[in-house]
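J.: I am sharing input.txt, which consists of compact mmCIF, C-alpha atoms:
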```txt
# COMPACT_ATOMS: atom_id res chain seq x y z
CA MET A 3 19.10 114.85 -118.55
CA LEU A 4 21.74 112.81 -120.41
CA ASP A 5 24.49 115.40 -120.53
CA GLY A 6 27.74 113.68 -119.57
CA LYS A 7 26.15 110.26 -119.09
CA ARG A 8 28.17 107.31 -120.38
CA ILE A 9 26.22 104.61 -122.20
CA LEU A 10 27.67 101.24 -123.19
CA LEU A 11 25.51 100.00 -126.08
CA VAL A 12 25.60 96.24 -126.63
CA ILE A 13 24.29 95.58 -130.14
CA GLY A 14 22.89 92.09 -130.68
CA GLY A 15 22.45 90.19 -133.92
CA GLY A 16 18.99 90.94 -135.25
CA ILE A 17 17.56 92.90 -138.15
CA ALA A 18 16.54 95.59 -135.63
CA ALA A 19 20.24 96.38 -135.24
CA TYR A 20 19.79 99.02 -137.94
CA LYS A 21 17.68 101.05 -135.47
CA THR A 22 20.67 101.39 -133.15
CA LEU A 23 22.28 103.78 -135.60
CA ASP A 24 19.46 106.24 -134.97
CA LEU A 25 19.54 105.42 -131.25
CA ILE A 26 23.21 106.44 -131.07
CA ARG A 27 22.46 109.71 -132.83
CA ARG A 28 19.54 110.47 -130.50
CA LEU A 29 21.62 109.78 -127.41
CA ARG A 30 24.55 111.88 -128.53
CA GLU A 31 22.38 114.86 -129.46
CA ARG A 32 21.16 114.78 -125.85
CA GLY A 33 24.70 114.98 -124.51
CA ALA A 34 25.41 111.31 -123.76
CA SER A 35 28.63 109.61 -124.79
CA VAL A 36 28.12 106.19 -126.38
CA ARG A 37 30.57 103.33 -126.65
CA ALA A 38 29.42 100.40 -128.73
CA LEU A 39 30.08 96.71 -128.34
CA MET A 40 28.89 94.45 -131.18
CA THR A 41 28.34 90.72 -131.27
CA SER A 42 29.61 88.81 -134.30
CA ALA A 43 25.99 88.34 -135.40
CA ALA A 44 25.34 92.08 -135.17
CA GLN A 45 28.13 92.66 -137.67
CA GLU A 46 26.15 90.66 -140.21
CA PHE A 47 23.48 93.37 -140.17
CA ILE A 48 25.41 96.63 -139.67
CA THR A 49 29.12 97.37 -139.78
CA PRO A 50 31.49 98.55 -137.06
CA LEU A 51 32.48 101.32 -139.46
CA SER A 52 28.94 102.77 -139.44
CA VAL A 53 28.59 102.42 -135.69
CA GLY A 54 32.00 103.96 -135.04
CA ALA A 55 31.25 106.91 -137.29
CA LEU A 56 28.20 107.73 -135.18
CA THR A 57 29.75 107.09 -131.75
CA ALA A 58 32.99 108.87 -132.71
CA ASP A 59 34.73 106.14 -130.75
CA ARG A 60 36.24 102.75 -131.25
CA VAL A 61 33.78 99.85 -131.64
CA PHE A 62 34.57 96.76 -129.58
CA THR A 63 33.96 93.33 -131.07
CA ASP A 64 36.54 90.76 -129.95
CA LEU A 65 37.04 89.22 -126.50
CA PHE A 66 40.53 88.08 -127.48
CA ASP A 67 41.78 91.35 -128.97
CA ARG A 68 45.33 91.73 -127.66
CA GLU A 69 45.27 95.51 -127.59
CA ASP A 70 41.89 95.79 -125.83
CA GLU A 71 42.34 92.96 -123.38
CA HIS A 72 45.84 93.73 -122.08
CA ASP A 73 44.10 95.54 -119.17
CA VAL A 74 41.08 93.22 -118.94
CA GLY A 75 39.13 95.39 -121.33
CA HIS A 76 35.76 93.67 -120.95
CA ILE A 77 35.69 94.54 -117.25
CA ARG A 78 36.83 98.10 -117.89
CA LEU A 79 34.17 98.56 -120.57
CA SER A 80 31.40 97.24 -118.36
CA ARG A 81 32.29 99.41 -115.37
CA GLU A 82 33.18 102.73 -116.94
CA ALA A 83 29.61 103.16 -118.15
CA ASP A 84 26.76 104.70 -116.16
CA LEU A 85 24.26 102.40 -117.86
CA ILE A 86 24.46 99.40 -120.19
CA VAL A 87 21.82 99.21 -122.92
CA VAL A 88 21.34 95.98 -124.88
CA ALA A 89 19.60 96.66 -128.19
CA PRO A 90 18.50 94.61 -129.92
CA ALA A 91 18.41 91.99 -127.16
CA THR A 92 17.94 88.76 -129.06
CA ALA A 93 16.57 85.53 -127.61
CA ASP A 94 20.14 84.21 -127.59
CA LEU A 95 21.49 87.19 -125.65
CA LEU A 96 18.64 87.05 -123.13
CA ALA A 97 19.31 83.35 -122.57
CA LYS A 98 23.02 83.97 -122.03
CA MET A 99 22.32 86.77 -119.57
CA ALA A 100 19.73 84.76 -117.64
CA HIS A 101 21.97 81.70 -117.32
CA GLY A 102 25.26 83.50 -116.72
CA LEU A 103 26.98 82.36 -119.90
CA ALA A 104 30.07 84.33 -120.91
CA ASN A 105 31.64 83.06 -124.12
CA ASP A 106 32.07 86.27 -126.14
CA LEU A 107 32.78 89.94 -125.47
CA ALA A 108 29.12 90.96 -125.07
CA SER A 109 28.11 88.23 -122.63
CA THR A 110 31.38 88.56 -120.70
CA ALA A 111 30.98 92.33 -120.30
CA LEU A 112 27.40 91.84 -119.12
CA MET A 113 28.53 89.26 -116.57
CA ALA A 114 31.36 91.50 -115.32
CA THR A 115 29.36 94.69 -114.88
CA ASP A 116 28.31 96.26 -111.62
CA LYS A 117 26.12 98.82 -113.41
CA PRO A 118 22.38 98.78 -114.22
CA VAL A 119 21.29 97.10 -117.44
CA LEU A 120 18.39 98.06 -119.72
CA VAL A 121 17.42 95.65 -122.49
CA ALA A 122 15.29 96.21 -125.59
CA PRO A 123 14.19 92.76 -126.81
CA ALA A 124 13.68 92.09 -130.51
CA MET A 125 12.75 88.73 -132.01
CA ASN A 126 10.10 86.77 -133.86
CA PRO A 127 6.77 86.63 -131.96
CA ALA A 128 7.02 82.86 -131.57
CA MET A 129 10.45 83.23 -130.00
CA TRP A 130 9.24 85.98 -127.64
CA SER A 131 6.27 83.88 -126.49
CA HIS A 132 8.30 80.68 -126.15
CA PRO A 133 8.31 79.32 -122.58
CA ALA A 134 12.12 79.40 -122.48
CA THR A 135 12.17 83.13 -123.28
CA SER A 136 9.44 83.78 -120.72
CA ARG A 137 11.51 82.00 -118.08
CA ASN A 138 14.62 83.94 -119.03
CA VAL A 139 12.79 87.29 -118.92
CA ALA A 140 11.32 86.48 -115.51
CA GLN A 141 14.77 85.57 -114.19
CA LEU A 142 16.36 88.73 -115.55
CA LYS A 143 13.62 90.91 -114.03
CA ALA A 144 14.15 89.17 -110.69
CA ASP A 145 17.87 89.91 -111.04
CA GLY A 146 17.12 93.62 -111.48
CA THR A 147 17.40 93.99 -115.26
CA SER A 148 15.05 96.61 -116.74
CA PHE A 149 13.10 96.15 -119.97
CA ILE A 150 11.73 98.45 -122.65
CA GLY A 151 9.40 96.73 -125.11
CA PRO A 152 9.03 94.69 -127.15
CA ASN A 153 6.26 96.30 -129.18
CA SER A 154 3.56 94.72 -131.29
CA GLY A 155 3.61 95.02 -135.07
CA GLU A 156 4.88 93.52 -138.30
CA MET A 157 8.25 91.81 -138.32
CA ALA A 158 10.76 93.21 -140.80
CA GLU A 159 12.24 89.87 -141.81
CA SER A 160 9.23 87.55 -142.04
CA GLY A 161 6.07 89.49 -142.71
CA GLU A 162 4.56 88.03 -139.55
CA ALA A 163 2.89 90.23 -136.97
CA GLY A 164 2.81 90.05 -133.20
CA VAL A 165 4.78 91.07 -130.12
CA GLY A 166 8.51 91.12 -130.78
CA ARG A 167 9.40 94.40 -132.48
CA MET A 168 12.19 96.32 -130.80
CA ALA A 169 11.07 99.55 -129.15
CA GLU A 170 11.68 102.59 -131.31
CA PRO A 171 14.86 104.62 -130.65
CA LEU A 172 13.00 107.51 -129.00
CA GLU A 173 11.17 105.07 -126.73
CA ILE A 174 14.52 103.64 -125.64
CA VAL A 175 15.86 107.15 -125.09
CA ALA A 176 12.84 107.94 -122.93
CA ALA A 177 13.47 104.80 -120.84
CA ILE A 178 17.12 105.83 -120.42
CA GLU A 179 16.10 109.34 -119.36
CA ALA A 180 13.58 107.87 -116.90
CA HIS A 181 16.34 105.69 -115.43
CA PHE A 182 18.58 108.68 -114.72
CA ALA A 183 15.63 110.80 -113.55
CA ALA A 184 14.80 108.14 -110.95
CA GLN A 185 18.39 108.18 -109.71
CA SER A 186 18.06 111.85 -108.83
CA GLY A 187 14.40 111.66 -107.80
CA PRO A 188 13.08 112.76 -104.40
CA LEU A 189 12.90 109.15 -103.16
CA SER A 190 16.25 108.03 -104.56
CA GLY A 191 17.91 105.66 -102.12
CA ARG A 192 14.66 105.00 -100.24
CA SER A 193 13.05 101.57 -99.96
CA ILE A 194 9.27 101.23 -99.97
CA VAL A 195 7.02 98.19 -99.53
CA ILE A 196 3.47 98.52 -100.84
CA THR A 197 0.51 96.15 -100.70
CA SER A 198 -2.18 96.22 -103.36
CA GLY A 199 -5.33 94.47 -104.52
CA PRO A 200 -7.58 92.04 -102.67
CA THR A 201 -6.78 88.78 -100.95
CA HIS A 202 -8.57 85.54 -101.75
CA GLU A 203 -9.35 83.36 -98.76
CA PRO A 204 -10.26 79.81 -99.85
CA ILE A 205 -13.46 78.11 -98.73
CA ASP A 206 -12.82 75.08 -100.91
CA PRO A 207 -10.79 74.54 -104.13
CA VAL A 208 -13.28 76.54 -106.25
CA ARG A 209 -14.69 79.17 -103.85
CA TYR A 210 -13.15 81.96 -101.83
CA ILE A 211 -13.90 85.04 -99.73
CA ALA A 212 -12.78 88.28 -101.38
CA ASN A 213 -13.77 91.88 -102.11
CA ARG A 214 -14.05 94.15 -105.12
CA SER A 215 -10.61 95.78 -105.01
CA SER A 216 -8.97 96.18 -108.43
CA GLY A 217 -5.48 97.07 -107.17
CA LYS A 218 -5.39 100.17 -109.39
CA GLN A 219 -4.59 102.59 -106.57
CA GLY A 220 -1.86 100.47 -104.97
CA HIS A 221 -0.25 99.74 -108.33
CA ALA A 222 -0.35 103.45 -109.25
CA ILE A 223 1.42 104.32 -105.98
CA ALA A 224 4.09 101.70 -106.66
CA GLU A 225 4.75 103.09 -110.14
CA ALA A 226 4.84 106.70 -108.91
CA ALA A 227 7.29 105.76 -106.14
CA ALA A 228 9.55 104.00 -108.64
CA ARG A 229 9.48 107.06 -110.92
CA ALA A 230 10.57 109.11 -107.91
CA GLY A 231 13.63 106.89 -107.52
CA ALA A 232 12.52 104.53 -104.75
CA ASP A 233 13.40 100.86 -104.58
CA VAL A 234 9.86 99.46 -104.52
CA THR A 235 8.57 96.04 -103.54
CA LEU A 236 4.90 95.59 -104.43
CA VAL A 237 3.10 92.74 -102.66
CA SER A 238 0.04 92.16 -104.82
CA GLY A 239 -3.02 90.07 -104.27
CA PRO A 240 -4.86 88.59 -107.29
CA VAL A 241 -5.42 91.38 -109.86
CA THR A 242 -5.93 91.58 -113.61
CA ILE A 243 -3.97 94.79 -114.24
CA PRO A 244 -0.36 94.91 -115.54
CA ASP A 245 2.62 95.05 -113.21
CA PRO A 246 4.04 98.56 -112.66
CA LYS A 247 7.33 99.34 -114.39
CA ASP A 248 10.64 99.11 -112.51
CA VAL A 249 9.03 97.53 -109.46
CA LYS A 250 9.71 94.19 -107.80
CA VAL A 251 6.36 92.39 -107.67
CA VAL A 252 5.59 89.58 -105.21
CA ARG A 253 2.28 87.85 -105.95
CA VAL A 254 0.23 86.34 -103.14
CA GLU A 255 -3.28 84.98 -102.64
CA THR A 256 -4.13 85.10 -98.95
CA ALA A 257 -3.73 87.54 -96.08
CA ARG A 258 -1.27 85.26 -94.33
CA GLU A 259 0.85 85.04 -97.49
CA MET A 260 0.71 88.82 -97.82
CA LEU A 261 1.93 89.36 -94.25
CA GLU A 262 4.78 86.91 -94.83
CA ALA A 263 5.80 88.71 -98.02
CA VAL A 264 5.68 92.13 -96.33
CA ASN A 265 7.86 90.90 -93.47
CA ALA A 266 10.32 89.46 -96.01
CA ALA A 267 10.52 92.88 -97.74
CA LEU A 268 11.48 94.66 -94.51
CA PRO A 269 13.41 96.63 -93.44
CA ALA A 270 12.11 99.55 -95.47
CA ASP A 271 11.88 103.29 -95.09
CA VAL A 272 8.16 103.37 -95.87
CA ALA A 273 5.29 100.87 -95.73
CA ILE A 274 2.10 101.68 -97.64
CA MET A 275 -0.67 99.20 -96.91
CA ALA A 276 -3.11 99.88 -99.76
CA ALA A 277 -4.41 96.31 -100.16
CA ALA A 278 -8.00 95.50 -99.28
CA VAL A 279 -7.20 92.51 -97.10
CA ALA A 280 -10.03 90.13 -96.21
CA ASP A 281 -10.75 90.46 -92.49
CA TRP A 282 -11.81 86.83 -92.15
CA ARG A 283 -11.07 83.45 -93.64
CA ALA A 284 -12.73 80.06 -93.40
CA GLU A 285 -11.46 78.37 -90.26
CA GLY A 286 -10.96 75.09 -92.06
CA ALA A 287 -10.96 75.30 -95.85
CA SER A 288 -12.26 72.10 -97.46
CA GLY A 289 -9.91 70.11 -99.63
CA GLN A 290 -12.82 69.12 -101.87
CA LYS A 291 -15.60 71.14 -103.45
CA ILE A 292 -18.44 71.46 -100.94
CA LYS A 293 -21.58 69.86 -102.38
CA LYS A 294 -25.23 70.35 -101.62
CA ASP A 295 -26.54 67.63 -99.30
CA GLY A 296 -30.17 67.74 -100.45
CA SER A 297 -31.44 69.23 -97.22
CA GLY A 298 -31.98 72.67 -98.68
CA LYS A 299 -29.83 74.16 -95.92
CA PRO A 300 -26.47 75.80 -96.62
CA PRO A 301 -23.43 74.31 -94.90
CA ALA A 302 -22.13 76.09 -91.83
CA LEU A 303 -19.17 78.32 -92.63
CA LYS A 304 -17.10 79.05 -89.57
CA LEU A 305 -14.85 82.09 -89.91
CA THR A 306 -11.70 83.11 -88.11
CA GLU A 307 -9.94 86.47 -88.13
CA ASN A 308 -7.01 87.08 -90.45
CA PRO A 309 -3.80 88.71 -89.20
CA ASP A 310 -3.94 92.51 -89.28
CA ILE A 311 -1.03 93.44 -91.54
CA LEU A 312 -1.19 97.20 -90.94
CA ALA A 313 -1.35 96.81 -87.15
CA THR A 314 1.46 94.27 -87.20
CA ILE A 315 3.75 96.66 -89.08
CA GLY A 316 2.56 99.89 -87.45
CA ASN A 317 2.87 98.59 -83.90
CA GLY A 318 6.08 96.69 -84.50
CA ALA A 319 8.59 97.48 -81.81
CA SER A 320 11.62 96.67 -83.94
CA GLY A 321 12.12 97.07 -87.66
CA ARG A 322 9.18 99.47 -88.01
CA PRO A 323 9.48 101.63 -91.14
CA ARG A 324 9.96 105.34 -90.53
CA LEU A 325 6.62 106.02 -92.18
CA VAL A 326 3.63 103.67 -92.08
CA ILE A 327 0.60 104.56 -94.19
CA GLY A 328 -2.69 102.71 -94.15
CA PHE A 329 -5.84 102.91 -96.24
CA ALA A 330 -9.40 103.04 -94.92
CA ALA A 331 -12.10 102.12 -97.42
CA GLU A 332 -15.39 102.94 -95.73
CA THR A 333 -19.07 103.11 -96.65
CA GLY A 334 -20.00 105.36 -93.71
CA ASN A 335 -18.54 107.40 -90.82
CA LEU A 336 -15.42 107.89 -92.92
CA ILE A 337 -13.40 110.27 -90.75
CA GLU A 338 -14.38 108.69 -87.42
CA ASN A 339 -13.42 105.23 -88.63
CA ALA A 340 -10.16 106.49 -90.15
CA ARG A 341 -9.16 108.24 -86.92
CA ALA A 342 -9.86 105.10 -84.92
CA LYS A 343 -7.82 103.07 -87.37
CA LEU A 344 -4.93 105.54 -87.18
CA GLU A 345 -4.73 105.15 -83.40
CA ARG A 346 -5.45 101.44 -83.15
CA LYS A 347 -3.05 100.31 -85.84
CA GLY A 348 -0.07 102.52 -85.07
CA ALA A 349 -0.05 104.23 -88.47
CA ASP A 350 1.39 107.67 -89.20
CA MET A 351 -1.25 108.43 -91.79
CA ILE A 352 -4.51 106.96 -93.06
CA VAL A 353 -5.67 107.55 -96.63
CA ALA A 354 -9.44 107.42 -96.23
CA ASN A 355 -11.91 107.07 -99.07
CA ASP A 356 -15.64 106.50 -99.40
CA VAL A 357 -16.30 103.27 -101.29
CA SER A 358 -20.07 103.22 -101.04
CA PRO A 359 -21.58 101.91 -104.31
CA GLU A 360 -22.70 105.34 -105.57
CA THR A 361 -19.09 106.66 -105.57
CA GLY A 362 -17.85 104.17 -108.18
CA VAL A 363 -14.44 104.13 -106.50
CA MET A 364 -14.09 100.35 -106.23
CA GLY A 365 -12.63 99.30 -109.56
CA GLY A 366 -12.85 102.81 -111.02
CA ASP A 367 -10.11 105.14 -112.22
CA ALA A 368 -10.73 108.11 -109.90
CA ASN A 369 -10.59 108.59 -106.15
CA THR A 370 -11.58 111.20 -103.58
CA VAL A 371 -9.42 110.82 -100.49
CA ARG A 372 -8.85 112.47 -97.14
CA LEU A 373 -5.52 112.23 -95.37
CA VAL A 374 -5.98 111.63 -91.67
CA THR A 375 -3.06 112.21 -89.31
CA LYS A 376 -2.70 113.13 -85.65
CA ASP A 377 -2.55 116.77 -86.80
CA GLY A 378 -5.92 116.69 -88.52
CA VAL A 379 -7.65 115.94 -91.81
CA GLU A 380 -6.54 117.13 -95.25
CA GLU A 381 -9.13 116.89 -98.03
CA TRP A 382 -8.08 116.29 -101.62
CA PRO A 383 -10.29 116.92 -104.64
CA THR A 384 -11.45 114.08 -106.85
CA LEU A 385 -8.39 112.98 -108.83
CA SER A 386 -7.38 110.13 -111.05
CA LYS A 387 -5.75 107.32 -109.11
CA ARG A 388 -2.48 108.14 -110.85
CA GLU A 389 -2.73 111.76 -109.61
CA VAL A 390 -3.54 110.56 -106.09
CA ALA A 391 -0.43 108.38 -106.25
CA GLU A 392 1.78 111.24 -107.41
CA ARG A 393 0.49 113.56 -104.67
CA LEU A 394 1.00 110.90 -102.04
CA VAL A 395 4.56 110.20 -103.20
CA THR A 396 5.39 113.91 -103.08
CA LEU A 397 4.01 114.07 -99.55
CA ILE A 398 6.05 111.03 -98.53
CA ALA A 399 9.24 112.60 -99.89
CA ASP A 400 8.54 115.79 -97.91
CA CYS A 401 7.88 113.79 -94.72
CA LEU A 402 11.13 111.89 -95.07
CA LYS A 403 13.06 115.12 -95.54
CA GLU A 404 11.66 116.48 -92.29
CA ALA A 405 12.20 113.25 -90.32
```
Could you quickly redo this structure as structure tokens?

T.:
Amino acid sequence: MLDGKRILLVIGGGIAAYKTLDLIRRLRERGASVRALMTSAAQEFITPLSVGALTADRVFTDLFDREDEHDVGHIRLSREADLIVVAPATADLLAKMAHGLANDLASTALMATDKPVLVAPAMNPAMWSHPATSRNVAQLKADGTSFIGPNSGEMAESGEAGVGRMAEPLEIVAAIEAHFAAQSGPLSGRSIVITSGPTHEPIDPVRYIANRSSGKQGHAIAEAAARAGADVTLVSGPVTIPDPKDVKVVRVETAREMLEAVNAALPADVAIMAAAVADWRAEGASGQKIKKDGSGKPPALKLTENPDILATIGNGASGRPRLVIGFAAETGNLIENARAKLERKGADMIVANDVSPETGVMGGDANTVRLVTKDGVEEWPTLSKREVAERLVTLIADCLKEA
């Protein structure tokens, strides 16, 4: 997987820098070439001599080195690599990257690169949880930077415990291998927009109309598509599950917000509408909590229909994705309802599943689906939602090949 790959390793100034020595060895034994760039703080923990002995290459440390910079060396370094790995990525380095600071060789090379960047944060738990670091991490993720870790455990330098330990070398290697696997995956170069979870339609500031969707299936599809190399935008309603890795996540509350976010993510090769969107919303949501009036009668709740996101995308005359996939969660007449939905909403495929209470599908970890297309119905066995996602992604890749 890594044979012939060129890694630029930016080593930051933290006690976890010692782990990079093993990281270099692990990468090289897998066929990668590693060039190392060390900050001045990193050299307080490990020496360029040790790093150079393991990389079998020169170690770069100085932005103003006459020999290195005669041909704008920081730009050359940053662009000759296939991937830049920052490990350990200290709070200081993350802040520089997020704010575009470039006052030493490491930060300048990171600013000058046109290659993907993977960072392995390492810092004290209080620093990792600090609002400033959270803001910087969010900005870097929005900019396309990938993360591995940090892990939870004891800190080497303080005896404290918490989230902040740098990922172990083999974990970083696995993330690097996954990065290159995605580049050659069956959906490499494809863009996919996916909706997931429920929507919440406000009645008043404390009440809303919703359903029982957990978002597990939509999130699993997003992660499987990213592993297959796709550029994935996940538009997620309110859920309590973690974001999928290597996926751009747009969080929304209502159906109208979800439709706006989907439209903003287009054009795309594929649209997968897995969200359980509320069909109706309160016609006029109250700005204040609705109180009992003492009459013993509930207040009238007038509903209006929400926009149909799947039909809007599936029947779109211009900008329609090549493949539009909808979901049909039904408690009865599963195939009949799915076929009607396929026709009415302009979809290429409907993933139909029975969500009656006895199935345990809503919120569960397994699913039994039927794929409904104009050519017929394909039944799948009961699978985990992750396995359903992987099967669906494989099917999508095959469909795009044939298109």

J.: For region 115-131 of chain A, please output as a list in words all residues within 7 Å (counting only C-alpha atoms; exclusion window: fewer than 6 positions along the same chain).

T.: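 Result of the neighbour search: Ala18, Ile77, Ser80, Arg81, Asp84, Leu85, Ile86, Val87, Val88, Ala89, Pro90, Ala91, Thr92, Ala93, Thr147, Ser148, Phe149, Ile150, Gly151, Pro152, Met157, Gly164, Val165, Gly166, Arg167, Met168 and Ala169 of chain A.
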
J.: Please list as an MDAnalysis selection string every residue within 10 Å of Met260 (chain A), counting all atoms listed in the file and excluding residues in the same chain fewer than 3 positions away.

T.: chainID A and resid 197:198 201 237:239 252:257 263:266 277 279 309 311

J.: With distances taken over only C-alpha atoms, which of A:Leu65, A:Glu46, A:Lys21, A:Glu262 is nearest to Ala104 (chain A)?

T.: A:Leu65

J.: May I ask which of the residues A:Glu389, A:Glu404, A:Asp24, A:Asp64 is the closest one to Glu170 (chain A), counting all atoms listed in the file?

T.: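 Nearest to Glu170 (chain A): A:Asp24.
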
J.: CA of Ala212 (chain A) to CA of Ser288 (chain A): how many Å, to one decimal?

T.: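 Straight-line distance from CA of Ala212 (chain A) to CA of Ser288 (chain A) works out to 16.7 Å.
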
J.: Find, counting only C-alpha atoms, the residue in A:Ala278, A:Gly199, A:Val272, A:Asp248 that gets nearest to His181 (chain A).

T.: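 Using only C-alpha atoms, the shortest distance to His181 (chain A) belongs to A:Asp248.
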
J.: Could you give me, as JSON lines, a per-residue list for region 267-286 of chain A showing, wherever an atom lies at most 6 Å from an atom of region 318-338 of chain A, the closest pair of atoms and their distance in Å to one decimal, using all atoms listed in the file and sorting by chain then residue number from low to high?

T.:
```
{"residue": "A:Pro269", "atom": "CA", "partner": "A:Gly321", "partner_atom": "CA", "distance": 5.9}
{"residue": "A:Ala270", "atom": "CA", "partner": "A:Pro323", "partner_atom": "CA", "distance": 5.5}
{"residue": "A:Asp271", "atom": "CA", "partner": "A:Pro323", "partner_atom": "CA", "distance": 4.9}
{"residue": "A:Val272", "atom": "CA", "partner": "A:Leu325", "partner_atom": "CA", "distance": 4.8}
{"residue": "A:Ala273", "atom": "CA", "partner": "A:Val326", "partner_atom": "CA", "distance": 4.9}
{"residue": "A:Ile274", "atom": "CA", "partner": "A:Ile327", "partner_atom": "CA", "distance": 4.7}
{"residue": "A:Met275", "atom": "CA", "partner": "A:Gly328", "partner_atom": "CA", "distance": 4.9}
{"residue": "A:Ala276", "atom": "CA", "partner": "A:Phe329", "partner_atom": "CA", "distance": 5.4}
```

J.: With a distance cut-off of 9 Å and all atoms listed in the file, select the neighbouring residues of Pro383 (chain A), excluding the residue or stretch itself and same-chain residues fewer than 3 positions from it, and output the selection as a list in words.

T.: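 Result of the neighbour search: Asn369, Thr370, Val371 and Arg372 of chain A.
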
J.: Gly6 (chain A): which residues within 12 Å, counting only C-alpha atoms, same-chain residues fewer than 6 positions away excluded, as a PyMOL selection string?

T.: chain A and resi 29-36+83-85+182

J.: Can you work out which one of A:Ala134, A:Ala230, A:Leu385, A:Ala368 has the shortest atom-to-atom distance to Ala184 (chain A), counting all atoms listed in the file?

T.: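 The answer is A:Ala230, which sits nearest to Ala184 (chain A).
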
J.: For the atom pair CA of Lys7 (chain A) and CA of Ala111 (chain A), what is the interatomic distance in Å to one decimal place?

T.: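 Here the two named atoms are 18.6 Å from each other.
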
J.: Could you tell me how far CA of Ala226 (chain A) sits from CA of Leu397 (chain A), in Å to one decimal place?

T.: 11.9 Å

J.: Taking into account all atoms listed in the file, which residue in the set A:Gly15, A:Gly217, A:Pro200, A:Pro188 is nearest to Asp367 (chain A)?

T.: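 Under the stated criterion, the closest residue is A:Gly217.
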
J.: Just the residues within 8 Å of Thr242 (chain A), please, counting only C-alpha atoms, with nothing from its chain fewer than 2 positions along; format it as a list of chain:residue names.

T.: A:Ser216, A:Pro240, A:Pro244

J.: Using all atoms listed in the file, which residue out of A:Ala108, A:Leu142, A:Ile178, A:Ile211 lies closest to Leu303 (chain A)?

T.: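 Among the listed residues, A:Ile211 lies closest to Leu303 (chain A).
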
J.: Using only C-alpha atoms, list the residues that have an atom at most 12 Å from (-9.4, 105.1, -110.0), coordinates as in the file, as number ranges by chain.

T.: A: 215-223, 355, 357, 361-371, 384-391

J.: Please complete region 214-226 of chain A so it has N, CA and C atoms, and hand it over as a short mmCIF file (atom, residue, chain, number, x, y, z; two decimals), in the frame of the given file.

T.:
```cif
data_model
loop_
_atom_site.label_atom_id
_atom_site.label_comp_id
_atom_site.auth_asym_id
_atom_site.auth_seq_id
_atom_site.Cartn_x
_atom_site.Cartn_y
_atom_site.Cartn_z
N ARG A 214 -14.02 93.63 -103.76
CA ARG A 214 -14.05 94.15 -105.12
C ARG A 214 -12.82 94.98 -105.50
N SER A 215 -11.77 94.95 -104.72
CA SER A 215 -10.61 95.78 -105.01
C SER A 215 -9.97 95.40 -106.33
N SER A 216 -9.62 96.41 -107.14
CA SER A 216 -8.97 96.18 -108.43
C SER A 216 -7.45 96.23 -108.33
N GLY A 217 -6.92 96.87 -107.28
CA GLY A 217 -5.48 97.07 -107.17
C GLY A 217 -4.97 98.29 -107.91
N LYS A 218 -5.85 99.04 -108.57
CA LYS A 218 -5.39 100.17 -109.39
C LYS A 218 -4.68 101.24 -108.56
N GLN A 219 -5.21 101.54 -107.36
CA GLN A 219 -4.59 102.59 -106.57
C GLN A 219 -3.23 102.16 -106.03
N GLY A 220 -3.14 100.96 -105.49
CA GLY A 220 -1.86 100.47 -104.97
C GLY A 220 -0.81 100.37 -106.04
N HIS A 221 -1.20 99.87 -107.22
CA HIS A 221 -0.25 99.74 -108.33
C HIS A 221 0.20 101.12 -108.81
N ALA A 222 -0.72 102.09 -108.83
CA ALA A 222 -0.35 103.45 -109.25
C ALA A 222 0.64 104.06 -108.28
N ILE A 223 0.47 103.80 -106.98
CA ILE A 223 1.42 104.32 -105.98
C ILE A 223 2.79 103.69 -106.18
N ALA A 224 2.81 102.38 -106.45
CA ALA A 224 4.09 101.70 -106.66
C ALA A 224 4.83 102.29 -107.86
N GLU A 225 4.11 102.54 -108.94
CA GLU A 225 4.75 103.09 -110.14
C GLU A 225 5.23 104.52 -109.90
N ALA A 226 4.44 105.32 -109.20
CA ALA A 226 4.84 106.70 -108.91
C ALA A 226 6.07 106.72 -108.00
#
```
